[in-house]
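Visitor: My file is coords_30.cif. It has mmCIF, C-alpha atoms and all ligand atoms:
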```
data_coords
#
loop_
_atom_site.group_PDB
_atom_site.id
_atom_site.type_symbol
_atom_site.label_atom_id
_atom_site.label_comp_id
_atom_site.auth_asym_id
_atom_site.auth_seq_id
_atom_site.Cartn_x
_atom_site.Cartn_y
_atom_site.Cartn_z
ATOM 1 C CA SER A 1 -5.946 -14.867 6.428
ATOM 2 C CA LEU A 2 -3.206 -12.287 6.544
ATOM 3 C CA ILE A 3 -3.012 -9.135 4.406
ATOM 4 C CA PHE A 4 0.141 -7.006 4.548
ATOM 5 C CA VAL A 5 -0.277 -3.213 4.427
ATOM 6 C CA LEU A 6 3.099 -1.586 3.733
ATOM 7 C CA ASN A 7 3.921 2.108 3.805
ATOM 8 C CA GLY A 8 7.005 3.894 2.553
ATOM 9 C CA PRO A 9 8.982 6.962 3.580
ATOM 10 C CA ASN A 10 7.516 10.019 5.303
ATOM 11 C CA LEU A 11 4.142 8.349 5.827
ATOM 12 C CA ASN A 12 4.952 8.232 9.560
ATOM 13 C CA LEU A 13 4.229 11.989 9.377
ATOM 14 C CA LEU A 14 0.784 11.509 7.854
ATOM 15 C CA GLY A 15 -1.630 14.044 9.352
ATOM 16 C CA LYS A 16 1.158 16.570 9.913
ATOM 17 C CA ARG A 17 2.815 16.350 6.528
ATOM 18 C CA GLN A 18 1.354 18.685 3.859
ATOM 19 C CA PRO A 19 -2.212 18.184 5.156
ATOM 20 C CA HIS A 20 -3.614 20.096 2.155
ATOM 21 C CA ILE A 21 -2.321 17.198 0.028
ATOM 22 C CA TYR A 22 -2.478 14.185 2.340
ATOM 23 C CA GLY A 23 -5.247 15.135 4.802
ATOM 24 C CA THR A 24 -5.280 15.273 8.580
ATOM 25 C CA GLU A 25 -5.728 11.593 9.425
ATOM 26 C CA THR A 26 -2.654 10.007 10.968
ATOM 27 C CA LEU A 27 -1.115 6.677 9.984
ATOM 28 C CA ALA A 28 -2.362 5.318 13.329
ATOM 29 C CA ASP A 29 -5.900 6.270 12.234
ATOM 30 C CA VAL A 30 -5.364 4.466 8.933
ATOM 31 C CA GLU A 31 -4.022 1.399 10.734
ATOM 32 C CA ARG A 32 -7.015 1.331 13.092
ATOM 33 C CA ASP A 33 -9.490 1.554 10.189
ATOM 34 C CA CYS A 34 -7.643 -1.115 8.174
ATOM 35 C CA ARG A 35 -7.655 -3.448 11.164
ATOM 36 C CA ALA A 36 -11.388 -2.936 11.754
ATOM 37 C CA LEU A 37 -12.212 -3.602 8.110
ATOM 38 C CA ALA A 38 -9.981 -6.677 7.929
ATOM 39 C CA THR A 39 -11.732 -8.115 10.997
ATOM 40 C CA GLU A 40 -15.119 -7.403 9.410
ATOM 41 C CA LEU A 41 -13.989 -9.316 6.299
ATOM 42 C CA GLY A 42 -12.668 -12.231 8.344
ATOM 43 C CA HIS A 43 -9.002 -11.398 7.778
ATOM 44 C CA GLU A 44 -6.071 -9.955 9.705
ATOM 45 C CA ILE A 45 -3.570 -7.319 8.757
ATOM 46 C CA ARG A 46 0.084 -6.765 9.367
ATOM 47 C CA PHE A 47 0.661 -3.011 9.112
ATOM 48 C CA HIS A 48 4.147 -1.515 8.675
ATOM 49 C CA GLN A 49 5.809 1.768 7.771
ATOM 50 C CA SER A 50 9.472 2.466 7.116
ATOM 51 C CA ASN A 51 11.674 5.210 5.793
ATOM 52 C CA ARG A 52 14.180 2.533 4.710
ATOM 53 C CA GLU A 53 13.856 0.770 1.386
ATOM 54 C CA TYR A 54 15.374 -2.512 2.604
ATOM 55 C CA GLU A 55 12.778 -2.888 5.373
ATOM 56 C CA ILE A 56 9.969 -2.715 2.844
ATOM 57 C CA ILE A 57 11.757 -5.320 0.727
ATOM 58 C CA ASP A 58 12.206 -7.583 3.765
ATOM 59 C CA TRP A 59 8.478 -7.327 4.601
ATOM 60 C CA ILE A 60 7.591 -8.273 1.015
ATOM 61 C CA HIS A 61 9.825 -11.342 1.412
ATOM 62 C CA GLU A 62 8.027 -12.168 4.679
ATOM 63 C CA ALA A 63 4.674 -11.809 2.910
ATOM 64 C CA ARG A 64 5.729 -14.507 0.388
ATOM 65 C CA GLU A 65 5.154 -17.209 2.994
ATOM 66 C CA ALA A 66 2.391 -15.556 4.962
ATOM 67 C CA ALA A 67 0.035 -13.273 3.058
ATOM 68 C CA ILE A 68 -2.936 -13.551 0.710
ATOM 69 C CA GLY A 69 -2.164 -10.093 -0.656
ATOM 70 C CA ILE A 70 -0.217 -6.890 -0.231
ATOM 71 C CA VAL A 71 -1.565 -3.345 -0.099
ATOM 72 C CA VAL A 72 1.379 -1.039 -0.628
ATOM 73 C CA ASN A 73 1.875 2.706 -0.598
ATOM 74 C CA PRO A 74 5.559 2.892 -1.500
ATOM 75 C CA ALA A 75 5.455 6.730 -1.219
ATOM 76 C CA ALA A 76 8.486 8.282 -2.950
ATOM 77 C CA PHE A 77 10.000 4.820 -3.590
ATOM 78 C CA THR A 78 7.134 4.341 -6.074
ATOM 79 C CA HIS A 79 8.987 6.544 -8.500
ATOM 80 C CA THR A 80 12.523 5.279 -7.874
ATOM 81 C CA SER A 81 12.653 1.700 -6.681
ATOM 82 C CA VAL A 82 13.440 -1.127 -9.059
ATOM 83 C CA ALA A 83 14.297 -3.147 -5.923
ATOM 84 C CA ILE A 84 10.744 -2.920 -4.548
ATOM 85 C CA LEU A 85 9.385 -3.847 -7.994
ATOM 86 C CA ASP A 86 11.713 -6.868 -8.101
ATOM 87 C CA ALA A 87 10.611 -7.921 -4.603
ATOM 88 C CA LEU A 88 6.922 -7.647 -5.552
ATOM 89 C CA ASN A 89 7.622 -9.732 -8.643
ATOM 90 C CA THR A 90 8.578 -12.617 -6.308
ATOM 91 C CA PHE A 91 5.137 -12.442 -4.668
ATOM 92 C CA GLU A 92 2.265 -14.247 -6.404
ATOM 93 C CA PRO A 93 -0.996 -13.187 -4.700
ATOM 94 C CA PRO A 94 -2.693 -9.837 -5.430
ATOM 95 C CA VAL A 95 -0.810 -6.561 -5.014
ATOM 96 C CA ILE A 96 -2.757 -3.298 -4.838
ATOM 97 C CA GLU A 97 -0.841 -0.006 -5.030
ATOM 98 C CA VAL A 98 -2.308 2.926 -3.092
ATOM 99 C CA HIS A 99 -1.560 6.629 -3.259
ATOM 100 C CA ILE A 100 -3.426 8.996 -0.989
ATOM 101 C CA SER A 101 -3.011 11.902 -3.396
ATOM 102 C CA ASN A 102 -3.803 11.927 -7.089
ATOM 103 C CA VAL A 103 -0.232 11.545 -8.310
ATOM 104 C CA HIS A 104 -1.348 12.222 -11.900
ATOM 105 C CA LYS A 105 -2.441 15.709 -10.956
ATOM 106 C CA ARG A 106 0.983 16.474 -9.478
ATOM 107 C CA GLU A 107 4.586 16.833 -10.680
ATOM 108 C CA ALA A 108 5.583 14.826 -13.751
ATOM 109 C CA PHE A 109 8.103 12.765 -11.734
ATOM 110 C CA ARG A 110 5.154 11.307 -9.789
ATOM 111 C CA HIS A 111 3.422 10.088 -12.950
ATOM 112 C CA HIS A 112 5.690 7.096 -13.384
ATOM 113 C CA SER A 113 5.481 4.152 -10.997
ATOM 114 C CA TYR A 114 7.845 1.166 -11.055
ATOM 115 C CA VAL A 115 5.420 -0.643 -8.747
ATOM 116 C CA SER A 116 2.559 -0.292 -11.252
ATOM 117 C CA LEU A 117 4.429 -2.712 -13.544
ATOM 118 C CA ARG A 118 3.496 -5.390 -10.983
ATOM 119 C CA ALA A 119 0.376 -4.084 -9.238
ATOM 120 C CA ASP A 120 -2.935 -5.777 -10.045
ATOM 121 C CA GLY A 121 -4.683 -2.495 -9.292
ATOM 122 C CA VAL A 122 -3.798 1.088 -8.499
ATOM 123 C CA ILE A 123 -5.772 3.562 -6.388
ATOM 124 C CA ALA A 124 -4.774 7.226 -6.380
ATOM 125 C CA GLY A 125 -6.423 10.376 -5.122
ATOM 126 C CA LEU A 126 -9.096 8.774 -2.940
ATOM 127 C CA GLY A 127 -7.398 9.868 0.267
ATOM 128 C CA THR A 128 -6.877 7.372 3.057
ATOM 129 C CA GLN A 129 -10.096 5.635 1.966
ATOM 130 C CA GLY A 130 -7.939 4.098 -0.752
ATOM 131 C CA TYR A 131 -6.456 1.688 1.796
ATOM 132 C CA GLN A 132 -9.917 0.405 2.706
ATOM 133 C CA LEU A 133 -10.867 -0.119 -0.905
ATOM 134 C CA ALA A 134 -7.581 -1.904 -1.574
ATOM 135 C CA ILE A 135 -8.151 -4.281 1.354
ATOM 136 C CA ARG A 136 -11.649 -5.023 0.035
ATOM 137 C CA ARG A 137 -10.154 -5.802 -3.376
ATOM 138 C CA VAL A 138 -7.537 -8.176 -1.945
ATOM 139 C CA ALA A 139 -10.272 -9.959 0.028
ATOM 140 C CA ALA A 140 -12.493 -10.221 -3.069
ATOM 141 C CA LEU A 141 -9.689 -11.553 -5.279
ATOM 142 C CA HIS A 142 -8.765 -14.077 -2.587
ATOM 143 C CA ALA A 143 -12.370 -15.235 -2.274
ATOM 144 C CA ALA A 144 -12.672 -15.547 -6.061
ATOM 145 C CA ALA A 145 -9.468 -17.598 -6.284
ATOM 146 C CA ALA A 146 -10.269 -19.871 -3.327
ATOM 147 C CA PRO A 147 -11.059 -23.448 -4.351
HETATM 148 C C1 LIG A 201 2.205 9.194 -2.183
HETATM 149 C C2 LIG A 201 2.560 9.966 -3.477
HETATM 150 C C3 LIG A 201 4.064 9.981 -3.690
HETATM 151 O O1 LIG A 201 4.382 10.675 -4.890
HETATM 152 C C4 LIG A 201 4.746 10.691 -2.536
HETATM 153 O O2 LIG A 201 6.153 10.625 -2.694
HETATM 154 C C5 LIG A 201 4.342 10.163 -1.215
HETATM 155 C C6 LIG A 201 2.947 9.748 -0.982
HETATM 156 C C7 LIG A 201 0.697 9.280 -1.865
HETATM 157 O O3 LIG A 201 0.252 8.498 -1.028
HETATM 158 O O4 LIG A 201 -0.017 10.118 -2.415
HETATM 159 O O5 LIG A 201 5.137 10.156 -0.272
HETATM 160 O O6 LIG A 201 2.531 7.832 -2.366
#
```
Transcribe the structure of this file into structure tokens.
Guide:
Amino acid sequence: SLIFVLNGPNLNLLGKRQPHIYGTETLADVERDCRALATELGHEIRFHQSNREYEIIDWIHEAREAAIGIVVNPAAFTHTSVAILDALNTFEPPVIEVHISNVHKREAFRHHSYVSLRADGVIAGLGTQGYQLAIRRVAALHAAAAP
């Protein structure tokens, strides 16, 4: 089955962007590892990144018909976007929120997440490994819910 992995603004620069905070792996590396893991678990992924809020919302709407779960790193939209929260609230299967950095160790404005009001789980500060763990969680919740 299909798992959506959605990434917000500036994550296209992963690997180049503040590597002391976000590491040196690129988003292409993350995508490759997510794809390999999904295959291993008998699933598929649809992997997207955008700097535009509406694109992320549109992909969440697409996921409504197609996906068994969403792994989302909304990046800065985490802290600002009621619209992404509202979109996720229209989606019933599991939602796991991922942050590469430990947002709680950083500026106060990163401590609040609109998306956490919907997320079934939140991973922060585990680096890009967080995506892998989130995919495993979606797969496990799906397996547990399957009739
Ligand atoms: C981030 C944390 C956010 O606060 C920040 O705006 C990002 C990335 C993370 O993955 O650690 O762009 O979501």
Visitor: Chain A near ligand LIG 201 (chain A) within 8 Å: what's each residue's closest atom pair and its distance in Å to one decimal, counting only C-alpha atoms and all ligand atoms, ordered by chain then ascending residue number, as JSON lines?
Guide:
```
{"residue": "A:Gly8", "atom": "CA", "partner": "A:LIG201", "partner_atom": "O5", "distance": 7.1}
{"residue": "A:Pro9", "atom": "CA", "partner": "A:LIG201", "partner_atom": "O5", "distance": 6.3}
{"residue": "A:Asn10", "atom": "CA", "partner": "A:LIG201", "partner_atom": "O5", "distance": 6.1}
{"residue": "A:Leu11", "atom": "CA", "partner": "A:LIG201", "partner_atom": "O5", "distance": 6.4}
{"residue": "A:Ile21", "atom": "CA", "partner": "A:LIG201", "partner_atom": "O4", "distance": 7.8}
{"residue": "A:Tyr22", "atom": "CA", "partner": "A:LIG201", "partner_atom": "O4", "distance": 6.7}
{"residue": "A:Asn73", "atom": "CA", "partner": "A:LIG201", "partner_atom": "O6", "distance": 5.5}
{"residue": "A:Pro74", "atom": "CA", "partner": "A:LIG201", "partner_atom": "O6", "distance": 5.9}
{"residue": "A:Ala75", "atom": "CA", "partner": "A:LIG201", "partner_atom": "O6", "distance": 3.3}
{"residue": "A:Ala76", "atom": "CA", "partner": "A:LIG201", "partner_atom": "O2", "distance": 3.3}
{"residue": "A:Phe77", "atom": "CA", "partner": "A:LIG201", "partner_atom": "O2", "distance": 7.0}
{"residue": "A:Thr78", "atom": "CA", "partner": "A:LIG201", "partner_atom": "C3", "distance": 6.8}
{"residue": "A:His79", "atom": "CA", "partner": "A:LIG201", "partner_atom": "O1", "distance": 7.2}
{"residue": "A:Val98", "atom": "CA", "partner": "A:LIG201", "partner_atom": "O3", "distance": 6.5}
{"residue": "A:His99", "atom": "CA", "partner": "A:LIG201", "partner_atom": "O3", "distance": 3.4}
{"residue": "A:Ile100", "atom": "CA", "partner": "A:LIG201", "partner_atom": "O3", "distance": 3.7}
{"residue": "A:Ser101", "atom": "CA", "partner": "A:LIG201", "partner_atom": "O4", "distance": 3.6}
{"residue": "A:Asn102", "atom": "CA", "partner": "A:LIG201", "partner_atom": "O4", "distance": 6.3}
{"residue": "A:Val103", "atom": "CA", "partner": "A:LIG201", "partner_atom": "C2", "distance": 5.8}
{"residue": "A:Arg110", "atom": "CA", "partner": "A:LIG201", "partner_atom": "O1", "distance": 5.0}
{"residue": "A:Ala124", "atom": "CA", "partner": "A:LIG201", "partner_atom": "O4", "distance": 6.8}
{"residue": "A:Gly125", "atom": "CA", "partner": "A:LIG201", "partner_atom": "O4", "distance": 7.0}
{"residue": "A:Gly127", "atom": "CA", "partner": "A:LIG201", "partner_atom": "O4", "distance": 7.9}
```
Visitor: Check what the PyMOL selection byres (((chain A and resi 83) around 10) and not hetatm) selects in the file above and give those residues as a ChimeraX atom specification.
Guide: /A:53-54,56-57,77,80-82,84-89,114-115
Visitor: Rank nothing, just name the residue among A:Val72, A:Val138, A:Leu6, A:Ala144 nearest to Pro93 in chain A, using all atoms listed in the file.
Guide: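 Looking at the shortest contact to Pro93 in chain A, the residue is A:Val138.
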Visitor: Would you work out the distance separating CA of Ala145 in chain A from CA of Gln129 in chain A, expressed in Å to one decimal?
Guide: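 Between these atoms lies a distance of 24.7 Å.
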Visitor: Excluding Val5 in chain A and any residue of its chain fewer than 6 positions from it, enumerate the residues within 12 Å of it, using only C-alpha atoms, and give them as a count of residues only.
Guide: 37
Visitor: Give me, please, the distance in Å between CA of Arg52 in chain A and CA of Leu13 in chain A, quoted to one decimal.
Guide: 14.5 Å
Visitor: Counting only C-alpha atoms, which residue out of A:Leu133, A:Leu117, A:Leu2, A:Ala146 sits closest to Arg64 in chain A?
Guide: A:Leu2
Visitor: May I ask for the distance between CA of Arg118 in chain A and CA of Phe91 in chain A, given in Å to one decimal place?
Guide: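 Interatomic distance here is 9.6 Å.
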Visitor: With all atoms listed in the file as the atoms that count, which of A:Thr128, A:His104, A:Glu40, A:Ser113 lies nearest to Gly15 in chain A?
Guide: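 With all atoms listed in the file as the atom set, the closest residue is A:Thr128.
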Visitor: Of the residues A:Leu37, A:Thr90, A:Ser116, A:Gly121, which is the one nearest to Arg136 in chain A, using only C-alpha atoms?
Guide: A:Leu37
Visitor: Counting all atoms listed in the file, figure out which residue out of A:Thr39, A:Asn7, A:Lys16, A:Ile123 gets nearest to Asn51 in chain A.
Guide: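 When distances to Asn51 in chain A are compared using all atoms listed in the file, the smallest one comes from A:Asn7.
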Visitor: Counting only C-alpha atoms, which residue out of A:Leu41, A:Ala140, A:Ala36, A:Leu126 sits closest to Gly23 in chain A?
Guide: A:Leu126
Visitor: As AutoDock Vina command-line options, please report the centre and edge lengths, rounded to one decimal in Å, of the axis-aligned box that holds all listed atoms of range 126-132 of chain A with 5 Å of padding on each of the six sides.
Guide:
```
--center_x -8.3 --center_y 5.1 --center_z 0.1 --size_x 13.6 --size_y 19.5 --size_z 16.0
```
Visitor: Using C-alpha atoms, give me range 3-143 of chain A from the structure I just pasted, as a PDB file, in the first residue's frame.
Guide:
```pdb
ATOM      1  CA  ILE A   3       2.541   5.841   2.232  1.00  0.00           C
ATOM      2  CA  PHE A   4       2.943   9.560   1.524  1.00  0.00           C
ATOM      3  CA  VAL A   5       6.138  11.258   2.743  1.00  0.00           C
ATOM      4  CA  LEU A   6       5.704  15.042   2.582  1.00  0.00           C
ATOM      5  CA  ASN A   7       8.355  17.680   3.162  1.00  0.00           C
ATOM      6  CA  GLY A   8       7.954  21.404   3.647  1.00  0.00           C
ATOM      7  CA  PRO A   9       9.979  24.496   2.798  1.00  0.00           C
ATOM      8  CA  ASN A  10      13.771  24.610   2.543  1.00  0.00           C
ATOM      9  CA  LEU A  11      14.102  20.836   2.845  1.00  0.00           C
ATOM     10  CA  ASN A  12      15.144  20.787  -0.831  1.00  0.00           C
ATOM     11  CA  LEU A  13      18.418  22.225   0.542  1.00  0.00           C
ATOM     12  CA  LEU A  14      18.923  19.387   3.013  1.00  0.00           C
ATOM     13  CA  GLY A  15      22.617  18.479   3.164  1.00  0.00           C
ATOM     14  CA  LYS A  16      23.666  22.034   2.310  1.00  0.00           C
ATOM     15  CA  ARG A  17      21.416  23.883   4.713  1.00  0.00           C
ATOM     16  CA  GLN A  18      22.872  24.390   8.225  1.00  0.00           C
ATOM     17  CA  PRO A  19      24.538  20.944   8.196  1.00  0.00           C
ATOM     18  CA  HIS A  20      25.494  21.332  11.878  1.00  0.00           C
ATOM     19  CA  ILE A  21      21.744  21.230  12.600  1.00  0.00           C
ATOM     20  CA  TYR A  22      20.303  19.086   9.811  1.00  0.00           C
ATOM     21  CA  GLY A  23      23.258  16.868   8.818  1.00  0.00           C
ATOM     22  CA  THR A  24      24.891  16.250   5.465  1.00  0.00           C
ATOM     23  CA  GLU A  25      22.453  13.767   3.931  1.00  0.00           C
ATOM     24  CA  THR A  26      20.451  15.193   1.050  1.00  0.00           C
ATOM     25  CA  LEU A  27      16.701  14.863   0.546  1.00  0.00           C
ATOM     26  CA  ALA A  28      17.481  12.518  -2.366  1.00  0.00           C
ATOM     27  CA  ASP A  29      19.353  10.291   0.115  1.00  0.00           C
ATOM     28  CA  VAL A  30      16.347  10.353   2.439  1.00  0.00           C
ATOM     29  CA  GLU A  31      14.006   9.511  -0.435  1.00  0.00           C
ATOM     30  CA  ARG A  32      16.196   6.583  -1.512  1.00  0.00           C
ATOM     31  CA  ASP A  33      16.295   5.166   2.035  1.00  0.00           C
ATOM     32  CA  CYS A  34      12.533   5.625   2.516  1.00  0.00           C
ATOM     33  CA  ARG A  35      11.848   3.843  -0.762  1.00  0.00           C
ATOM     34  CA  ALA A  36      14.122   0.924   0.162  1.00  0.00           C
ATOM     35  CA  LEU A  37      12.491   0.529   3.564  1.00  0.00           C
ATOM     36  CA  ALA A  38       8.965   0.766   2.156  1.00  0.00           C
ATOM     37  CA  THR A  39       9.791  -1.989  -0.347  1.00  0.00           C
ATOM     38  CA  GLU A  40      11.207  -4.132   2.463  1.00  0.00           C
ATOM     39  CA  LEU A  41       7.931  -3.671   4.376  1.00  0.00           C
ATOM     40  CA  GLY A  42       5.818  -4.492   1.329  1.00  0.00           C
ATOM     41  CA  HIS A  43       4.668  -0.916   0.749  1.00  0.00           C
ATOM     42  CA  GLU A  44       5.326   1.939  -1.660  1.00  0.00           C
ATOM     43  CA  ILE A  45       5.986   5.583  -1.026  1.00  0.00           C
ATOM     44  CA  ARG A  46       5.085   8.794  -2.731  1.00  0.00           C
ATOM     45  CA  PHE A  47       7.761  11.318  -1.755  1.00  0.00           C
ATOM     46  CA  HIS A  48       7.276  15.077  -2.219  1.00  0.00           C
ATOM     47  CA  GLN A  49       8.840  18.363  -1.164  1.00  0.00           C
ATOM     48  CA  SER A  50       7.548  21.881  -1.697  1.00  0.00           C
ATOM     49  CA  ASN A  51       8.275  25.399  -0.592  1.00  0.00           C
ATOM     50  CA  ARG A  52       4.592  26.235  -1.186  1.00  0.00           C
ATOM     51  CA  GLU A  53       1.984  25.611   1.474  1.00  0.00           C
ATOM     52  CA  TYR A  54      -0.840  24.902  -0.993  1.00  0.00           C
ATOM     53  CA  GLU A  55       1.093  22.066  -2.658  1.00  0.00           C
ATOM     54  CA  ILE A  56       1.446  20.280   0.658  1.00  0.00           C
ATOM     55  CA  ILE A  57      -2.280  20.742   1.269  1.00  0.00           C
ATOM     56  CA  ASP A  58      -3.089  19.371  -2.198  1.00  0.00           C
ATOM     57  CA  TRP A  59      -0.925  16.277  -1.562  1.00  0.00           C
ATOM     58  CA  ILE A  60      -2.733  15.670   1.740  1.00  0.00           C
ATOM     59  CA  HIS A  61      -6.024  15.811  -0.189  1.00  0.00           C
ATOM     60  CA  GLU A  62      -4.605  13.307  -2.700  1.00  0.00           C
ATOM     61  CA  ALA A  63      -3.560  11.036   0.173  1.00  0.00           C
ATOM     62  CA  ARG A  64      -7.203  10.914   1.385  1.00  0.00           C
ATOM     63  CA  GLU A  65      -8.094   8.539  -1.441  1.00  0.00           C
ATOM     64  CA  ALA A  66      -4.771   6.788  -1.813  1.00  0.00           C
ATOM     65  CA  ALA A  67      -2.663   6.392   1.315  1.00  0.00           C
ATOM     66  CA  ILE A  68      -2.530   4.198   4.411  1.00  0.00           C
ATOM     67  CA  GLY A  69      -0.620   6.922   6.243  1.00  0.00           C
ATOM     68  CA  ILE A  70       1.286  10.167   5.982  1.00  0.00           C
ATOM     69  CA  VAL A  71       4.787  10.919   7.240  1.00  0.00           C
ATOM     70  CA  VAL A  72       5.154  14.678   7.256  1.00  0.00           C
ATOM     71  CA  ASN A  73       7.973  17.081   8.002  1.00  0.00           C
ATOM     72  CA  PRO A  74       6.158  20.387   7.553  1.00  0.00           C
ATOM     73  CA  ALA A  75       9.413  22.299   8.310  1.00  0.00           C
ATOM     74  CA  ALA A  76       8.655  25.939   9.186  1.00  0.00           C
ATOM     75  CA  PHE A  77       4.946  25.457   8.347  1.00  0.00           C
ATOM     76  CA  THR A  78       4.817  23.267  11.478  1.00  0.00           C
ATOM     77  CA  HIS A  79       4.820  26.403  13.562  1.00  0.00           C
ATOM     78  CA  THR A  80       2.509  28.543  11.423  1.00  0.00           C
ATOM     79  CA  SER A  81       0.040  26.531   9.396  1.00  0.00           C
ATOM     80  CA  VAL A  82      -3.533  26.093  10.541  1.00  0.00           C
ATOM     81  CA  ALA A  83      -4.285  25.173   6.903  1.00  0.00           C
ATOM     82  CA  ILE A  84      -2.006  22.112   6.983  1.00  0.00           C
ATOM     83  CA  LEU A  85      -3.537  21.100  10.332  1.00  0.00           C
ATOM     84  CA  ASP A  86      -7.031  21.433   8.836  1.00  0.00           C
ATOM     85  CA  ALA A  87      -6.006  19.344   5.812  1.00  0.00           C
ATOM     86  CA  LEU A  88      -4.557  16.606   8.045  1.00  0.00           C
ATOM     87  CA  ASN A  89      -7.777  16.616  10.050  1.00  0.00           C
ATOM     88  CA  THR A  90      -9.590  15.457   6.879  1.00  0.00           C
ATOM     89  CA  PHE A  91      -7.296  12.416   6.668  1.00  0.00           C
ATOM     90  CA  GLU A  92      -8.195   9.382   8.792  1.00  0.00           C
ATOM     91  CA  PRO A  93      -5.239   6.949   8.684  1.00  0.00           C
ATOM     92  CA  PRO A  94      -2.088   7.461  10.792  1.00  0.00           C
ATOM     93  CA  VAL A  95      -0.098  10.693  10.580  1.00  0.00           C
ATOM     94  CA  ILE A  96       3.452  10.792  11.939  1.00  0.00           C
ATOM     95  CA  GLU A  97       5.198  14.168  12.267  1.00  0.00           C
ATOM     96  CA  VAL A  98       8.977  14.176  11.786  1.00  0.00           C
ATOM     97  CA  HIS A  99      11.572  16.800  12.609  1.00  0.00           C
ATOM     98  CA  ILE A 100      15.201  16.119  11.829  1.00  0.00           C
ATOM     99  CA  SER A 101      16.404  18.437  14.584  1.00  0.00           C
ATOM    100  CA  ASN A 102      15.296  18.444  18.195  1.00  0.00           C
ATOM    101  CA  VAL A 103      12.946  21.410  17.930  1.00  0.00           C
ATOM    102  CA  HIS A 104      12.546  21.479  21.728  1.00  0.00           C
ATOM    103  CA  LYS A 105      16.213  22.269  22.149  1.00  0.00           C
ATOM    104  CA  ARG A 106      15.928  25.250  19.799  1.00  0.00           C
ATOM    105  CA  GLU A 107      14.170  28.634  19.693  1.00  0.00           C
ATOM    106  CA  ALA A 108      10.891  28.928  21.594  1.00  0.00           C
ATOM    107  CA  PHE A 109       8.934  29.559  18.363  1.00  0.00           C
ATOM    108  CA  ARG A 110       9.818  25.999  17.288  1.00  0.00           C
ATOM    109  CA  HIS A 111       8.328  24.472  20.439  1.00  0.00           C
ATOM    110  CA  HIS A 112       4.753  24.829  19.267  1.00  0.00           C
ATOM    111  CA  SER A 113       3.420  22.665  16.446  1.00  0.00           C
ATOM    112  CA  TYR A 114      -0.042  23.039  14.904  1.00  0.00           C
ATOM    113  CA  VAL A 115       0.475  19.661  13.228  1.00  0.00           C
ATOM    114  CA  SER A 116       1.005  17.922  16.587  1.00  0.00           C
ATOM    115  CA  LEU A 117      -2.677  18.581  17.373  1.00  0.00           C
ATOM    116  CA  ARG A 118      -3.410  15.930  14.721  1.00  0.00           C
ATOM    117  CA  ALA A 119      -0.302  13.739  14.588  1.00  0.00           C
ATOM    118  CA  ASP A 120      -0.548  10.239  16.060  1.00  0.00           C
ATOM    119  CA  GLY A 121       3.162  10.411  16.834  1.00  0.00           C
ATOM    120  CA  VAL A 122       5.985  12.915  16.715  1.00  0.00           C
ATOM    121  CA  ILE A 123       9.683  12.230  16.142  1.00  0.00           C
ATOM    122  CA  ALA A 124      12.209  15.009  16.710  1.00  0.00           C
ATOM    123  CA  GLY A 125      15.971  15.103  16.961  1.00  0.00           C
ATOM    124  CA  LEU A 126      16.712  11.653  15.540  1.00  0.00           C
ATOM    125  CA  GLY A 127      18.135  13.077  12.328  1.00  0.00           C
ATOM    126  CA  THR A 128      17.007  11.686   9.000  1.00  0.00           C
ATOM    127  CA  GLN A 129      16.572   8.288  10.684  1.00  0.00           C
ATOM    128  CA  GLY A 130      13.307   9.731  11.975  1.00  0.00           C
ATOM    129  CA  TYR A 131      11.734   9.224   8.545  1.00  0.00           C
ATOM    130  CA  GLN A 132      12.568   5.516   8.629  1.00  0.00           C
ATOM    131  CA  LEU A 133      11.118   5.086  12.083  1.00  0.00           C
ATOM    132  CA  ALA A 134       7.981   6.970  11.067  1.00  0.00           C
ATOM    133  CA  ILE A 135       7.479   4.715   8.031  1.00  0.00           C
ATOM    134  CA  ARG A 136       7.877   1.658  10.271  1.00  0.00           C
ATOM    135  CA  ARG A 137       5.236   3.079  12.614  1.00  0.00           C
ATOM    136  CA  VAL A 138       2.752   3.727   9.796  1.00  0.00           C
ATOM    137  CA  ALA A 139       3.291   0.165   8.538  1.00  0.00           C
ATOM    138  CA  ALA A 140       2.812  -1.267  12.048  1.00  0.00           C
ATOM    139  CA  LEU A 141      -0.366   0.731  12.703  1.00  0.00           C
ATOM    140  CA  HIS A 142      -1.731  -0.325   9.314  1.00  0.00           C
ATOM    141  CA  ALA A 143      -0.971  -3.981  10.017  1.00  0.00           C
TER     142      ALA A 143
END
```
